[in-house]
file protein_20.cif (mmCIF, C-alpha atoms)
data_start
#
loop_
_atom_site.label_atom_id
_atom_site.label_comp_id
_atom_site.auth_asym_id
_atom_site.auth_seq_id
_atom_site.Cartn_x
_atom_site.Cartn_y
_atom_site.Cartn_z
CA ALA A 70 -34.16 42.72 -9.49
CA VAL A 71 -32.83 39.90 -7.33
CA THR A 72 -32.69 39.94 -3.53
CA VAL A 73 -30.88 37.39 -1.37
CA PHE A 74 -32.07 36.63 2.17
CA THR A 75 -29.51 34.87 4.33
CA SER A 76 -31.70 33.51 7.12
CA PRO A 77 -33.14 31.33 5.77
CA HIS A 78 -31.09 31.40 2.56
CA ARG A 79 -33.62 32.40 -0.11
CA ILE A 80 -33.19 34.03 -3.52
CA VAL A 81 -36.08 36.17 -4.75
CA THR A 82 -36.37 37.29 -8.36
CA PHE A 83 -38.93 40.09 -8.36
CA THR A 84 -39.16 40.45 -12.14
CA ARG A 85 -40.42 36.86 -12.28
CA MET A 86 -42.06 36.88 -8.80
CA HIS A 87 -40.15 33.70 -8.03
CA GLN A 88 -38.42 32.44 -4.86
CA VAL A 89 -35.87 29.64 -4.39
CA ASN A 90 -34.61 28.16 -1.13
CA ALA A 91 -30.89 27.88 -1.82
CA ASP A 92 -30.46 25.15 0.81
CA THR A 93 -33.23 22.80 -0.29
CA GLY A 94 -33.80 23.84 -3.89
CA PHE A 95 -37.51 24.29 -3.25
CA ALA A 96 -38.99 26.93 -5.59
CA ARG A 97 -42.35 28.66 -5.56
CA ALA A 98 -44.19 31.57 -7.11
CA ILE A 99 -44.73 34.63 -4.89
CA ARG A 100 -46.87 37.75 -5.10
CA ARG A 101 -46.69 41.25 -3.73
CA GLN A 102 -48.68 42.20 -0.67
CA THR A 103 -48.50 45.56 1.01
CA GLN A 104 -49.43 46.37 4.59
CA HIS A 105 -52.71 47.92 3.44
CA GLU A 106 -53.71 45.28 0.92
CA PHE A 107 -56.36 42.61 1.36
CA PRO A 108 -55.48 40.01 -1.29
CA PHE A 109 -58.18 37.82 -2.75
CA PRO A 110 -57.88 34.05 -2.22
CA ASP A 111 -55.80 32.10 -4.71
CA THR A 112 -58.86 29.96 -5.45
CA TRP A 113 -60.68 32.97 -6.94
CA PRO A 114 -60.52 33.15 -10.74
CA THR A 115 -59.78 36.68 -11.88
CA HIS A 116 -62.67 38.93 -12.90
CA SER A 117 -63.03 42.61 -13.74
CA ASP A 118 -66.47 43.22 -12.24
CA ASN A 119 -66.95 43.89 -8.54
CA CYS A 120 -68.74 40.58 -8.01
CA MET A 121 -68.76 37.18 -9.64
CA LEU A 122 -70.71 34.09 -8.55
CA VAL A 123 -68.56 31.04 -9.29
CA ASP A 124 -69.92 27.50 -9.52
CA VAL A 125 -68.14 25.17 -7.10
CA THR A 126 -67.43 21.63 -8.29
CA ARG A 127 -69.01 18.67 -6.50
CA ASP A 128 -65.76 16.86 -5.75
CA SER A 129 -64.16 19.86 -4.01
CA GLU A 130 -63.44 20.49 -0.34
CA GLU A 131 -65.69 23.56 -0.48
CA TRP A 132 -68.66 21.50 -1.68
CA GLU A 133 -68.15 18.84 0.96
CA ARG A 134 -67.88 21.40 3.77
CA ALA A 135 -71.05 23.22 2.70
CA ALA A 136 -73.01 19.98 2.28
CA THR A 137 -71.86 18.68 5.67
CA LEU A 138 -72.83 21.90 7.46
CA LEU A 139 -76.22 21.92 5.75
CA ARG A 140 -77.04 18.28 6.53
CA ALA A 141 -75.99 18.70 10.17
CA SER A 142 -79.53 19.98 10.81
CA VAL A 143 -81.45 19.71 7.51
CA THR A 144 -80.79 15.99 7.54
CA ASP A 145 -82.53 15.08 4.27
CA ALA A 146 -81.05 17.97 2.29
CA THR A 147 -79.43 17.34 -1.08
CA LEU A 148 -77.07 20.07 -2.22
CA VAL A 149 -77.66 20.62 -5.93
CA HIS A 150 -75.75 23.84 -6.64
CA LEU A 151 -73.08 25.77 -4.76
CA GLN A 152 -71.89 29.24 -5.74
CA ARG A 153 -68.87 30.96 -4.26
CA VAL A 154 -69.39 34.69 -3.79
CA GLN A 155 -66.43 36.70 -5.05
CA ASN A 156 -67.41 40.24 -4.10
CA ARG A 157 -64.36 42.50 -4.07
CA HIS A 158 -65.92 45.36 -2.11
CA GLN A 159 -67.50 43.21 0.60
CA TRP A 160 -64.34 41.06 0.86
CA LYS A 161 -62.11 44.09 1.44
CA ARG A 162 -64.48 45.57 4.00
CA TYR A 163 -64.73 42.31 5.93
CA HIS A 164 -61.00 41.63 5.94
CA HIS A 165 -60.20 45.20 6.89
CA ALA A 166 -62.40 44.71 9.96
CA LYS A 167 -60.82 41.32 10.60
CA ARG A 168 -57.32 42.79 10.53
CA LEU A 169 -58.28 45.62 12.90
CA TRP A 170 -59.90 43.14 15.26
CA SER A 171 -56.86 40.88 15.09
CA ASP A 172 -54.59 43.77 16.05
CA ALA A 173 -56.86 44.83 18.92
CA LEU A 174 -58.09 41.47 20.25
CA GLY A 175 -55.60 38.93 19.00
CA GLU A 176 -56.28 36.20 16.45
CA ALA A 177 -57.56 33.79 19.10
CA HIS A 178 -60.40 36.12 20.08
CA LEU A 179 -61.90 36.88 16.67
CA ASN A 180 -64.51 34.14 17.13
CA GLU A 181 -65.03 33.84 13.37
CA GLN A 182 -67.84 31.42 12.56
CA TRP A 183 -69.70 29.79 9.69
CA LEU A 184 -73.35 30.77 10.12
CA TRP A 185 -76.61 30.70 8.13
CA HIS A 186 -78.71 33.52 6.78
CA GLY A 187 -82.03 33.26 4.95
CA THR A 188 -83.34 35.99 2.65
CA SER A 189 -87.01 34.95 2.38
CA SER A 190 -88.54 36.56 -0.74
CA VAL A 191 -85.33 38.37 -1.69
CA ASP A 192 -83.03 36.64 -4.16
CA PRO A 193 -79.80 35.97 -2.19
CA GLY A 194 -77.83 36.90 -5.29
CA VAL A 195 -78.98 40.50 -4.88
CA ILE A 196 -77.44 40.66 -1.40
CA CYS A 197 -74.28 38.84 -2.40
CA LYS A 198 -73.64 40.94 -5.52
CA GLY A 199 -74.30 44.32 -3.93
CA LEU A 200 -72.04 46.67 -1.99
CA ASP A 201 -73.96 46.57 1.28
CA GLY A 202 -74.00 42.84 2.04
CA VAL A 203 -76.39 41.69 4.75
CA ASP A 204 -77.88 45.14 5.33
CA PHE A 205 -80.16 45.42 8.34
CA ARG A 206 -80.72 49.19 8.26
CA MET A 207 -84.21 48.87 6.76
CA SER A 208 -85.21 45.73 8.63
CA ARG A 209 -87.69 45.39 11.48
CA GLU A 210 -86.59 44.74 15.05
CA GLY A 211 -86.03 41.07 15.81
CA PHE A 212 -85.37 39.28 19.08
CA TYR A 213 -82.34 41.51 19.66
CA GLY A 214 -83.27 44.71 17.90
CA ARG A 215 -82.19 45.88 14.49
CA GLY A 216 -79.16 43.86 13.45
CA ALA A 217 -78.00 41.17 11.04
CA TYR A 218 -79.16 37.75 12.26
CA PHE A 219 -77.28 34.51 11.64
CA ALA A 220 -78.31 31.06 12.82
CA GLU A 221 -76.03 28.29 14.04
CA ARG A 222 -78.37 25.63 12.60
CA ALA A 223 -79.41 25.68 8.94
CA LEU A 224 -82.78 24.15 9.85
CA TYR A 225 -83.86 27.36 11.61
CA SER A 226 -83.07 29.47 8.54
CA HIS A 227 -84.62 26.86 6.24
CA THR A 228 -87.87 26.65 8.19
CA SER A 229 -88.51 30.38 8.37
CA TYR A 230 -86.35 32.28 5.92
CA ALA A 231 -85.22 30.08 3.02
CA HIS A 232 -85.61 31.58 -0.45
CA ARG A 233 -87.83 29.38 -2.63
CA VAL A 234 -86.63 28.87 -6.20
CA GLY A 235 -89.30 26.43 -7.37
CA GLY A 236 -89.32 22.71 -8.00
CA GLY A 237 -88.93 21.94 -4.30
CA ALA A 238 -85.58 23.77 -4.13
CA TYR A 239 -84.45 26.41 -1.66
CA GLN A 240 -81.53 28.76 -1.18
CA LEU A 241 -79.60 29.91 1.89
CA ILE A 242 -76.47 31.98 2.41
CA LEU A 243 -73.52 30.49 4.30
CA ALA A 244 -71.57 33.38 5.77
CA HIS A 245 -68.34 34.17 7.54
CA VAL A 246 -69.20 36.18 10.66
CA LEU A 247 -66.87 37.95 13.07
CA CYS A 248 -68.58 37.43 16.42
CA GLY A 249 -65.81 38.46 18.80
CA ARG A 250 -67.02 38.63 22.37
CA GLY A 251 -70.74 37.87 22.32
CA LYS A 252 -73.19 38.94 25.00
CA ASP A 253 -74.96 35.70 25.97
CA MET A 254 -78.66 36.51 26.30
CA GLY A 255 -79.93 32.96 26.69
CA THR A 256 -83.62 32.94 25.80
CA ASP A 257 -84.16 36.50 27.05
CA ILE A 258 -85.20 39.03 24.41
CA ASP A 259 -84.34 42.72 24.01
CA ARG A 260 -85.90 44.27 20.92
CA SER A 261 -84.54 47.74 21.75
CA LEU A 262 -80.91 46.96 20.85
CA VAL A 263 -79.25 48.91 18.04
CA LYS A 264 -75.68 47.88 18.95
CA PRO A 265 -74.05 45.29 21.21
CA PRO A 266 -74.02 46.00 24.94
CA SER A 267 -70.93 47.83 26.15
CA GLY A 268 -67.82 45.63 26.09
CA TYR A 269 -69.23 43.20 23.51
CA HIS A 270 -69.02 42.82 19.74
CA SER A 271 -72.21 40.83 19.11
CA VAL A 272 -75.20 39.25 20.79
CA HIS A 273 -75.61 35.49 21.22
CA GLY A 274 -79.12 34.28 22.04
CA GLY A 275 -81.41 31.30 21.98
CA PRO A 276 -82.19 28.67 21.14
CA HIS A 277 -85.24 30.34 19.62
CA MET A 278 -88.03 29.35 17.27
CA THR A 279 -89.48 31.90 14.86
CA ARG A 280 -93.07 31.08 15.82
CA PRO A 281 -94.46 29.36 18.93
CA SER A 282 -96.23 26.91 16.63
CA ASP A 283 -92.96 25.72 15.06
CA ASP A 284 -91.55 22.30 15.85
CA SER A 285 -89.05 22.60 18.71
CA ALA A 286 -86.54 20.74 16.54
CA THR A 287 -86.23 23.87 14.38
CA ALA A 288 -84.91 25.99 17.25
CA SER A 289 -81.42 27.43 16.99
CA ALA A 290 -79.02 29.66 18.81
CA MET A 291 -78.25 32.79 16.84
CA TRP A 292 -75.69 35.53 16.55
CA VAL A 293 -76.57 39.15 15.87
CA VAL A 294 -74.09 41.75 14.62
CA TYR A 295 -74.73 45.46 14.20
CA ASP A 296 -71.97 46.32 11.75
CA ARG A 297 -72.08 45.24 8.09
CA ALA A 298 -68.30 44.79 8.11
CA GLN A 299 -68.66 41.83 10.51
CA SER A 300 -70.14 39.46 7.93
CA TYR A 301 -69.26 38.20 4.48
CA PRO A 302 -71.74 36.09 2.44
CA ALA A 303 -69.35 33.43 1.24
CA TYR A 304 -71.66 30.95 -0.52
CA ILE A 305 -75.15 30.58 -1.93
CA LEU A 306 -76.46 27.03 -1.48
CA THR A 307 -79.29 25.67 -3.62
CA TYR A 308 -80.67 22.45 -2.20
CA ALA A 309 -83.67 20.15 -2.12
CA SER A 310 -85.42 19.11 1.07
CA SER A 311 -88.77 17.70 2.14
CA GLU A 312 -88.54 19.57 5.46
CA HIS A 313 -91.35 22.09 5.83
CA ALA A 314 -90.28 25.62 4.98
#

call {"tool": "encode", "arguments": {"input": "protein_20.cif", "output": "structure tokens"}}
result
Amino acid sequence: AVTVFTSPHRIVTFTRMHQVNADTGFARAIRRQTQHEFPFPDTWPTHSDNCMLVDVTRDSEEWERAATLLRASVTDATLVHLQRVQNRHQWKRYHHAKRLWSDALGEAHLNEQWLWHGTSSVDPGVICKGLDGVDFRMSREGFYGRGAYFAERALYSHTSYAHRVGGGAYQLILAHVLCGRGKDMGTDIDRSLVKPPSGYHSVHGGPHMTRPSDDSATASAMWVVYDRAQSYPAYILTYASSEHA
């Protein structure tokens, strides 16, 4: 089947999923997308399982972004391995929430951020490969109650929550987080929270240190969300650092 669009003048051949601009001659491949579909990124290689951890090459934009964000606070860190998390279930859940938020709040108010999450003794691969994602339902109350905690500075997560893999190497998760309108708590603490205060989508607090004995340089502001759909663990970083953890 061939369809012709007159403004702009484009010819689409659906049997070949191919489009040509009749005015400029520019041609490109296209793909179907329905209103209710959440397509996976073009950079994802195809896979049949729900989740696949894909090694990211060192000379890529993804590697450089992750390394830059890590070294912004863990200044001596050397990124040695970067895995992209391709979890179909978690991706669909996150982007369904993102689309609903975009319709309700507008794209400019999503407040989507790159933030850090440490898993301590738990292998981050278990969280990234599962269906639940960063699941806080069985966790203890933190500074802002029972929620999923994400730090703005990698050093905070490294110091207190990095997963040790031996040989002086550590692992952290770099996540996409939908923060929306955050309730700014400053350094005040409210351990009774089980959801954001009315009119807010998340809690923003800090800077905090995990322990009073920690170096003040490890302090970080943090974001707390109370809905698993608001976060997607995008990468697992394995890195070396002499910083105390």

call {"tool": "atom_distance", "arguments": {"input": "protein_20.cif", "atom1": "atom CA of A:Leu243", "atom2": "atom CA of A:Val203"}}
result
11.6 Å

call {"tool": "atom_distance", "arguments": {"input": "protein_20.cif", "atom1": "atom CA of A:Pro193", "atom2": "atom CA of A:Gly214"}}
result
22.2 Å

call {"tool": "closest_residue", "arguments": {"input": "protein_20.cif", "among": "A:Arg209, A:Ile242, A:Phe219, A:Pro276", "to": "A:Ser261", "atoms": "all atoms listed in the file"}}
result
A:Arg209

call {"tool": "atom_distance", "arguments": {"input": "protein_20.cif", "atom1": "atom CA of A:Asp204", "atom2": "atom CA of A:Ala217"}}
result
7.0 Å

call {"tool": "resolve_selection", "arguments": {"input": "protein_20.cif", "expression": "the PyMOL selection byres ((chain A and resi 296) around 12)", "output": "NGL selection string"}}
result
:A and (162-163 or 166 or 201-206 or 215-218 or 246-248 or 263-265 or 270-272 or 293-295 or 297-301)

call {"tool": "closest_residue", "arguments": {"input": "protein_20.cif", "among": "A:Asp257, A:Asp111, A:Glu181, A:Asp92", "to": "A:Phe212", "atoms": "all atoms listed in the file"}}
result
A:Asp257

call {"tool": "resolve_selection", "arguments": {"input": "protein_20.cif", "expression": "the PyMOL selection byres ((chain A and resi 183) around 9)", "output": "ChimeraX atom specification"}}
result
/A:138,181-182,184-185,221,243-246

call {"tool": "closest_residue", "arguments": {"input": "protein_20.cif", "among": "A:Gly249, A:Arg85, A:Asp145, A:Ala223", "to": "A:Glu176", "atoms": "only C-alpha atoms"}}
result
A:Gly249

call {"tool": "closest_residue", "arguments": {"input": "protein_20.cif", "among": "A:Ser311, A:Ser190, A:Thr287, A:Asn180", "to": "A:His273", "atoms": "all atoms listed in the file"}}
result
A:Asn180

call {"tool": "closest_residue", "arguments": {"input": "protein_20.cif", "among": "A:Ala286, A:Tyr269, A:Arg260, A:Trp160", "to": "A:Leu179", "atoms": "all atoms listed in the file"}}
result
A:Tyr269

call {"tool": "closest_residue", "arguments": {"input": "protein_20.cif", "among": "A:Ser229, A:Leu262, A:Gln240, A:Ala303", "to": "A:Arg280", "atoms": "only C-alpha atoms"}}
result
A:Ser229

call {"tool": "resolve_selection", "arguments": {"input": "protein_20.cif", "expression": "the PyMOL selection byres ((chain A and resi 154) around 7)", "output": "PDB file with C-alpha atoms, keeping the file's coordinate frame"}}
result
ATOM      1  CA  MET A 121     -68.760  37.180  -9.640  1.00  0.00           C
ATOM      2  CA  LEU A 122     -70.710  34.090  -8.550  1.00  0.00           C
ATOM      3  CA  VAL A 123     -68.560  31.040  -9.290  1.00  0.00           C
ATOM      4  CA  GLN A 152     -71.890  29.240  -5.740  1.00  0.00           C
ATOM      5  CA  ARG A 153     -68.870  30.960  -4.260  1.00  0.00           C
ATOM      6  CA  GLN A 155     -66.430  36.700  -5.050  1.00  0.00           C
ATOM      7  CA  ASN A 156     -67.410  40.240  -4.100  1.00  0.00           C
ATOM      8  CA  CYS A 197     -74.280  38.840  -2.400  1.00  0.00           C
ATOM      9  CA  PRO A 302     -71.740  36.090   2.440  1.00  0.00           C
ATOM     10  CA  ALA A 303     -69.350  33.430   1.240  1.00  0.00           C
ATOM     11  CA  TYR A 304     -71.660  30.950  -0.520  1.00  0.00           C
TER      12      TYR A 304
END
